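What follows is query_11.txt (compact mmCIF, C-alpha atoms).
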# COMPACT_ATOMS: atom_id res chain seq x y z
CA MET A 8 0.00 0.00 0.00
CA ALA A 9 1.29 3.48 -0.81
CA VAL A 10 1.31 5.55 2.37
CA LYS A 11 2.85 8.75 3.67
CA VAL A 12 4.83 9.04 6.90
CA MET A 13 4.94 12.54 8.38
CA ILE A 14 8.33 13.31 9.96
CA PRO A 15 8.28 15.61 13.01
CA THR A 16 10.63 18.60 12.84
CA PRO A 17 13.21 17.29 15.38
CA LEU A 18 13.70 14.11 13.36
CA ARG A 19 13.97 15.68 9.91
CA PRO A 20 17.77 16.02 10.14
CA PHE A 21 17.83 12.22 10.36
CA ALA A 22 15.44 11.72 7.43
CA GLY A 23 17.14 13.60 4.63
CA LYS A 24 15.58 16.87 5.91
CA LYS A 25 12.24 15.73 4.51
CA ASP A 26 8.94 16.53 6.22
CA SER A 27 7.27 13.41 4.82
CA ILE A 28 8.30 10.15 3.22
CA GLU A 29 6.17 8.14 0.83
CA LEU A 30 6.64 4.41 0.88
CA LYS A 31 4.88 1.11 0.37
CA ALA A 32 4.01 -1.19 3.25
CA ARG A 33 1.26 -3.56 4.41
CA THR A 34 1.31 -2.65 8.12
CA VAL A 35 2.34 0.27 10.31
CA GLY A 36 5.25 -1.79 11.65
CA GLU A 37 6.42 -2.56 8.14
CA ALA A 38 6.21 1.12 7.20
CA LEU A 39 8.29 2.17 10.21
CA GLY A 40 10.72 -0.67 9.50
CA SER A 41 11.11 0.47 5.92
CA LEU A 42 11.53 4.09 7.04
CA THR A 43 14.24 3.23 9.54
CA THR A 44 16.01 0.97 7.06
CA GLU A 45 16.18 3.82 4.56
CA PHE A 46 17.15 6.31 7.28
CA ALA A 47 19.11 4.25 9.79
CA GLU A 48 19.91 7.27 12.01
CA LEU A 49 16.21 7.61 12.78
CA ARG A 50 15.95 4.22 14.37
CA LYS A 51 17.42 4.99 17.80
CA HIS A 52 15.07 7.93 18.25
CA LEU A 53 11.99 5.80 17.60
CA TYR A 54 12.98 2.39 19.02
CA THR A 55 14.69 1.15 22.17
CA ASP A 56 17.74 -1.09 21.86
CA ASP A 57 15.49 -4.13 22.17
CA GLY A 58 13.37 -3.06 19.23
CA LYS A 59 10.30 -1.64 20.98
CA ILE A 60 8.81 1.71 20.05
CA ARG A 61 9.98 4.15 22.73
CA SER A 62 7.35 4.84 25.37
CA PHE A 63 7.23 8.57 24.60
CA VAL A 64 6.86 8.01 20.85
CA ASN A 65 3.24 7.92 19.73
CA VAL A 66 2.28 6.65 16.29
CA TYR A 67 -0.97 7.62 14.65
CA LEU A 68 -2.63 6.11 11.60
CA ASN A 69 -4.54 9.02 10.17
CA ASP A 70 -5.90 10.42 13.48
CA GLU A 71 -5.98 7.20 15.50
CA ASP A 72 -3.33 6.12 18.00
CA ILE A 73 -2.16 2.68 16.85
CA ARG A 74 -2.22 1.49 20.50
CA TYR A 75 -6.01 1.48 20.12
CA LEU A 76 -5.87 -0.28 16.75
CA GLU A 77 -3.69 -3.33 16.16
CA LYS A 78 -0.47 -1.59 17.24
CA GLU A 79 2.34 -2.28 14.80
CA ASN A 80 0.25 -4.96 13.06
CA THR A 81 -2.34 -2.35 12.07
CA PRO A 82 -3.01 -2.88 8.35
CA LEU A 83 -2.60 -0.02 5.89
CA LYS A 84 -4.57 1.02 2.85
CA ASP A 85 -3.57 3.24 -0.04
CA GLY A 86 -3.48 6.91 0.88
CA ASP A 87 -3.08 6.40 4.64
CA THR A 88 -0.99 8.87 6.61
CA ILE A 89 1.20 7.83 9.55
CA SER A 90 2.20 10.52 12.04
CA ILE A 91 4.84 10.36 14.75
CA VAL A 92 4.14 12.59 17.76
CA PRO A 93 6.24 12.67 20.94
CA SER A 94 4.97 12.95 24.47
CA ILE A 95 7.27 15.31 26.35
CA ALA A 96 8.29 13.82 29.65
CA GLY A 97 11.02 14.14 32.20
CA GLY A 98 11.76 15.16 35.71
CA ARG A 99 14.46 15.19 38.33
CA MET B 9 27.95 14.17 12.66
CA LEU B 10 24.74 16.17 12.73
CA LEU B 11 25.25 18.12 15.94
CA LYS B 12 27.33 21.23 15.41
CA GLU B 13 30.71 21.14 17.10
CA LYS B 14 30.39 24.59 18.61
CA MET B 15 28.00 25.17 21.47
CA GLN B 16 24.54 26.19 20.35
CA THR B 17 23.04 29.44 21.60
CA LEU B 18 19.52 29.98 22.84
CA LEU B 19 18.36 33.58 22.82
CA LEU B 20 16.03 33.91 25.79
CA ASN B 21 15.34 37.43 26.96
CA GLU B 22 15.04 38.31 30.64
CA LYS B 23 11.26 38.69 30.50
CA LEU B 24 10.84 35.15 29.16
CA ALA B 25 13.41 33.73 31.60
CA LYS B 26 11.48 35.44 34.39
CA GLY B 27 8.29 33.84 33.07
CA ILE B 28 9.89 30.38 33.33
CA ARG B 29 11.14 31.13 36.85
CA SER B 30 7.72 32.40 37.91
CA HIS B 31 5.98 29.31 36.54
CA GLY B 32 8.46 27.09 38.39
CA SER B 33 7.91 28.95 41.69
CA GLN B 34 4.15 29.03 41.24
CA MET B 35 3.91 25.26 40.72
CA TYR B 36 6.40 24.35 43.51
CA PRO B 37 6.65 21.69 44.93
CA HIS B 38 5.30 20.27 41.67
CA GLU B 39 7.13 20.42 38.37
CA CYS B 40 5.92 22.98 35.85
CA CYS B 41 6.17 22.53 32.09
CA GLY B 42 5.57 24.40 28.88
CA ALA B 43 6.59 24.87 25.27
CA LEU B 44 9.06 27.37 23.84
CA PHE B 45 7.87 29.09 20.67
CA GLY B 46 10.56 30.64 18.51
CA LEU B 47 12.63 30.60 15.38
CA ASP B 48 16.04 29.36 14.29
CA SER B 49 18.42 31.71 12.52
CA ASP B 50 22.12 31.95 11.73
CA SER B 51 22.73 33.75 15.03
CA GLY B 52 21.07 31.01 17.05
CA ARG B 53 17.68 29.97 18.24
CA GLU B 54 15.45 32.74 19.53
CA VAL B 55 12.59 32.09 21.92
CA ARG B 56 9.77 34.55 21.30
CA GLU B 57 6.94 33.20 23.47
CA LEU B 58 6.31 30.81 26.32
CA PHE B 59 3.36 28.46 26.13
CA PRO B 60 2.70 27.18 29.67
CA LEU B 61 1.09 23.75 29.84
CA VAL B 62 -0.50 21.61 32.51
CA ASN B 63 1.70 18.91 33.99
CA ARG B 64 -0.38 15.80 33.20
CA ARG B 65 1.71 13.60 35.49
CA THR B 66 -0.75 13.62 38.40
CA ASP B 67 0.68 10.49 40.09
CA SER B 68 4.12 11.99 40.83
CA PRO B 69 4.11 15.69 39.87
CA ARG B 70 6.88 16.51 42.38
CA ASN B 71 9.54 14.71 40.37
CA ARG B 72 8.01 14.09 36.95
CA PHE B 73 6.24 16.04 34.24
CA SER B 74 4.35 14.94 31.19
CA VAL B 75 3.01 16.72 28.13
CA THR B 76 0.55 14.49 26.29
CA PRO B 77 0.67 14.09 22.51
CA ASP B 78 -2.62 16.03 22.31
CA ASP B 79 -0.95 18.91 24.15
CA VAL B 80 2.09 18.62 21.85
CA LEU B 81 -0.18 18.93 18.80
CA TYR B 82 -2.06 21.80 20.47
CA ALA B 83 1.24 23.61 21.10
CA ASP B 84 2.41 22.93 17.53
CA ARG B 85 -0.79 24.43 16.10
CA ALA B 86 -0.63 27.47 18.40
CA ALA B 87 3.01 28.08 17.42
CA ARG B 88 2.20 27.81 13.71
CA ASP B 89 -0.73 30.22 14.14
CA ALA B 90 1.72 32.70 15.67
CA GLY B 91 4.12 32.27 12.74
CA LEU B 92 6.57 30.43 15.00
CA ALA B 93 7.61 26.86 15.76
CA VAL B 94 7.94 24.79 18.91
CA VAL B 95 11.72 24.93 19.31
CA GLY B 96 11.83 23.35 22.74
CA TRP B 97 10.28 22.68 26.10
CA TYR B 98 10.83 23.86 29.64
CA HIS B 99 10.24 22.28 33.00
CA SER B 100 11.28 22.78 36.61
CA HIS B 101 13.37 20.68 38.98
CA PRO B 102 12.00 21.32 42.48
CA ASP B 103 14.83 21.16 45.05
CA HIS B 104 17.19 19.78 42.43
CA PRO B 105 19.82 21.34 40.09
CA ALA B 106 18.94 22.47 36.56
CA ILE B 107 20.73 19.44 35.15
CA PRO B 108 18.92 16.83 33.02
CA SER B 109 18.24 13.54 34.73
CA GLU B 110 18.62 10.09 33.22
CA PHE B 111 14.83 10.06 32.92
CA ASP B 112 15.03 13.32 30.94
CA ARG B 113 17.61 11.77 28.60
CA GLU B 114 15.55 8.66 27.96
CA HIS B 115 12.55 10.77 26.99
CA ALA B 116 14.20 13.34 24.74
CA TRP B 117 14.85 13.92 21.08
CA PRO B 118 17.72 15.87 19.56
CA TRP B 119 17.05 19.31 18.03
CA TYR B 120 14.66 20.48 20.76
CA SER B 121 16.03 22.86 23.41
CA TYR B 122 15.24 21.56 26.89
CA VAL B 123 15.22 24.41 29.39
CA ILE B 124 15.28 23.51 33.07
CA VAL B 125 14.78 25.87 35.99
CA SER B 126 15.88 24.76 39.43
CA VAL B 127 13.52 25.75 42.25
CA ALA B 128 14.83 25.60 45.83
CA LYS B 129 12.20 25.77 48.57
CA GLY B 130 9.87 27.63 46.24
CA GLU B 131 12.50 30.11 45.00
CA ALA B 132 13.46 29.81 41.34
CA GLN B 133 17.21 29.67 40.86
CA THR B 134 19.22 28.75 37.77
CA VAL B 135 17.81 28.55 34.25
CA ALA B 136 19.82 26.26 31.97
CA SER B 137 19.27 24.85 28.49
CA TRP B 138 20.33 21.51 27.07
CA ARG B 139 20.19 19.62 23.81
CA LEU B 140 20.36 15.86 23.41
CA ALA B 141 23.35 14.63 21.40
CA ASP B 142 22.49 12.91 18.14
CA ASP B 143 23.72 9.57 19.52
CA ARG B 144 21.37 9.95 22.55
CA MET B 145 24.28 9.31 24.93
CA ARG B 146 24.27 12.66 26.73
CA PHE B 147 22.86 16.16 26.90
CA GLU B 148 25.04 19.01 25.64
CA PRO B 149 24.76 22.37 27.43
CA GLU B 150 23.26 25.12 25.31
CA LYS B 151 24.46 28.64 26.03
CA ILE B 152 21.66 31.00 27.03
CA SER B 153 22.00 34.56 25.81
CA ALA B 154 19.61 37.22 27.04
CA GLY B 155 20.46 39.42 24.04
CA ALA B 156 22.65 42.51 23.87
CA ALA B 157 20.42 44.77 25.95
CA ALA B 158 19.47 42.42 28.73
CA ASN B 159 21.24 40.97 31.72
CA ALA B 160 22.93 37.60 31.67
CA MET B 161 21.34 34.62 33.38
CA PRO B 162 22.36 34.08 37.02
Please, can you express the file's structure as structure tokens?
Amino acid sequence: MAVKVMIPTPLRPFAGKKDSIELKARTVGEALGSLTTEFAELRKHLYTDDGKIRSFVNVYLNDEDIRYLEKENTPLKDGDTISIVPSIAGGR
Amino acid sequence: MLLKEKMQTLLLNEKLAKGIRSHGSQMYPHECCGALFGLDSDSGREVRELFPLVNRRTDSPRNRFSVTPDDVLYADRAARDAGLAVVGWYHSHPDHPAIPSEFDREHAWPWYSYVIVSVAKGEAQTVASWRLADDRMRFEPEKISAGAAANAMP
């Protein structure tokens, strides 16, 4: 499926300075895998060392958080848009 | 290497720095948080507006803060409407130095400026800014400049 992944501003330096990437994938996980294969420097900012999406990284398919869909197995259809939005967290 | 070798500069005038200190004091002993609206230019990154937010971390607000993705999108839209961008975030460290914690590092992205104000017994102290290194291994200090006409940070 041909989909678009929107790249948030802080991660654009790691994605060829692009604000969106178009690619083909069957699931959200496959799309993110393809994205981070093409732009390897992105991977550590989205995934932990053991391959899980970082807890503060939220992935939306169109306007829906994939945690409430089928997570990374969420199927894609042509024209879908994937967005990556951080939660901002921290503390002493 | 994507991160510039020389130390980055954050232009934060005294009025805005005072706003961050006030927010930190006001929320003490809880952590405050907010977005920094501004612009990048050749001379550095200039903060033009503060966008105070609610700390959503209600279970441990004394040592944690959280800005939800909805609030992030809300801040992004508000910044765009003002012709600016979200260039960073600020929060307070109650009774703790203005130095990023390991928890801060684990939850950060490069590029953003992370401003921290230390608040000791309700009194705001140091304001410091940090950027995460591209390899995620550490925070780099970011020099704060109040601009030519204003006083330097304490």
Quiz item: Which neighbours of range 55-61 of chain B fall inside 6 Å, counting only C-alpha atoms, when residues of the same chain fewer than 2 positions from it are skipped, and could you give them as number ranges by chain?
Solution: B: 20, 41-46
Exercise. Write down, as a count of residues only, each residue of chain B that has any atom within 6 Å of an atom of chain A, counting all atoms listed in the file.
Key: 13
Exercise. Give me the residues within 8 Å of Tyr36 in chain B as an NGL selection string, counting only C-alpha atoms and dropping any in the same chain fewer than 5 places off.
Key: :B and (70 or 102 or 127 or 129-130)
Exercise. Find the residues near Met15 in chain B: any atom within 10 Å, counting all atoms listed in the file, skip ones fewer than 5 places away on the same chain, and give them as a PyMOL selection string.
Key: chain B and resi 139+148-151
Quiz item: So which residues fall inside 6 Å of (-1.5, -0.3, -0.7) if we count all atoms listed in the file? Mind giving them as a ChimeraX atom specification?
Solution: /A:8-9,84-85
Practice problem: List every protein, DNA or RNA residue with an atom no more than 9 Å from (24.1, 36.5, 19.4) in the file's coordinates, counting all atoms listed in the file, and format the result as number ranges by chain. | Solution: B: 17-19, 51-52, 153-156
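Take the candidates B:Ser137, B:Thr66, B:Ser100, B:Ser121 and check each one against Gln34 in chain B using all atoms listed in the file; the shortest distance goes to B:Ser100.
Here CA of Thr81 in chain A is placed at a distance of 7.6 Å from CA of Gly36 in chain A.
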Exercise. Could you tell me how far CA of Asp67 in chain B lies from CA of His38 in chain B, in Å and to one decimal?
Key: 10.9 Å
Practice problem: Quick one: everything within 12 Å of Gly23 in chain A, counting all atoms listed in the file, minus sequence neighbours fewer than 6 positions away in the same chain. Send it as a PyMOL selection string. | Solution: (chain A and resi 14+16+42-43+45-49) or (chain B and resi 10)
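CA of Ile89 in chain A to CA of Glu77 in chain A spans 13.9 Å [interatomic distance, one decimal].
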Exercise. Between B:Trp117, B:Glu131, B:Ala87, B:Tyr122, single out the one closest to Arg50 in chain A, counting all atoms listed in the file.
Key: B:Trp117
Using the atoms already present, construct N, CA and C atoms for range 79-90 of chain B and hand them back as an mmCIF file, keeping the file's coordinate frame.
data_model
loop_
_atom_site.group_PDB
_atom_site.id
_atom_site.type_symbol
_atom_site.label_atom_id
_atom_site.label_comp_id
_atom_site.auth_asym_id
_atom_site.auth_seq_id
_atom_site.Cartn_x
_atom_site.Cartn_y
_atom_site.Cartn_z
ATOM 1 N N ASP B 79 -1.475 17.589 23.785
ATOM 2 C CA ASP B 79 -0.950 18.910 24.150
ATOM 3 C C ASP B 79 0.201 19.316 23.224
ATOM 4 N N VAL B 80 1.004 18.327 22.795
ATOM 5 C CA VAL B 80 2.090 18.620 21.850
ATOM 6 C C VAL B 80 1.512 19.157 20.540
ATOM 7 N N LEU B 81 0.451 18.487 20.047
ATOM 8 C CA LEU B 81 -0.180 18.930 18.800
ATOM 9 C C LEU B 81 -0.837 20.303 18.971
ATOM 10 N N TYR B 82 -1.438 20.509 20.148
ATOM 11 C CA TYR B 82 -2.060 21.800 20.470
ATOM 12 C C TYR B 82 -1.005 22.909 20.453
ATOM 13 N N ALA B 83 0.141 22.629 21.076
ATOM 14 C CA ALA B 83 1.240 23.610 21.100
ATOM 15 C C ALA B 83 1.770 23.856 19.689
ATOM 16 N N ASP B 84 1.917 22.788 18.906
ATOM 17 C CA ASP B 84 2.410 22.930 17.530
ATOM 18 C C ASP B 84 1.493 23.844 16.716
ATOM 19 N N ARG B 85 0.177 23.621 16.857
ATOM 20 C CA ARG B 85 -0.790 24.430 16.100
ATOM 21 C C ARG B 85 -0.736 25.892 16.550
ATOM 22 N N ALA B 86 -0.667 26.096 17.873
ATOM 23 C CA ALA B 86 -0.630 27.470 18.400
ATOM 24 C C ALA B 86 0.635 28.193 17.930
ATOM 25 N N ALA B 87 1.754 27.471 17.892
ATOM 26 C CA ALA B 87 3.010 28.080 17.420
ATOM 27 C C ALA B 87 2.892 28.457 15.949
ATOM 28 N N ARG B 88 2.368 27.531 15.151
ATOM 29 C CA ARG B 88 2.200 27.810 13.710
ATOM 30 C C ARG B 88 1.304 29.019 13.492
ATOM 31 N N ASP B 89 0.197 29.086 14.270
ATOM 32 C CA ASP B 89 -0.730 30.220 14.140
ATOM 33 C C ASP B 89 -0.046 31.540 14.450
ATOM 34 N N ALA B 90 0.977 31.481 15.303
ATOM 35 C CA ALA B 90 1.720 32.700 15.670
ATOM 36 C C ALA B 90 2.896 32.944 14.720
#
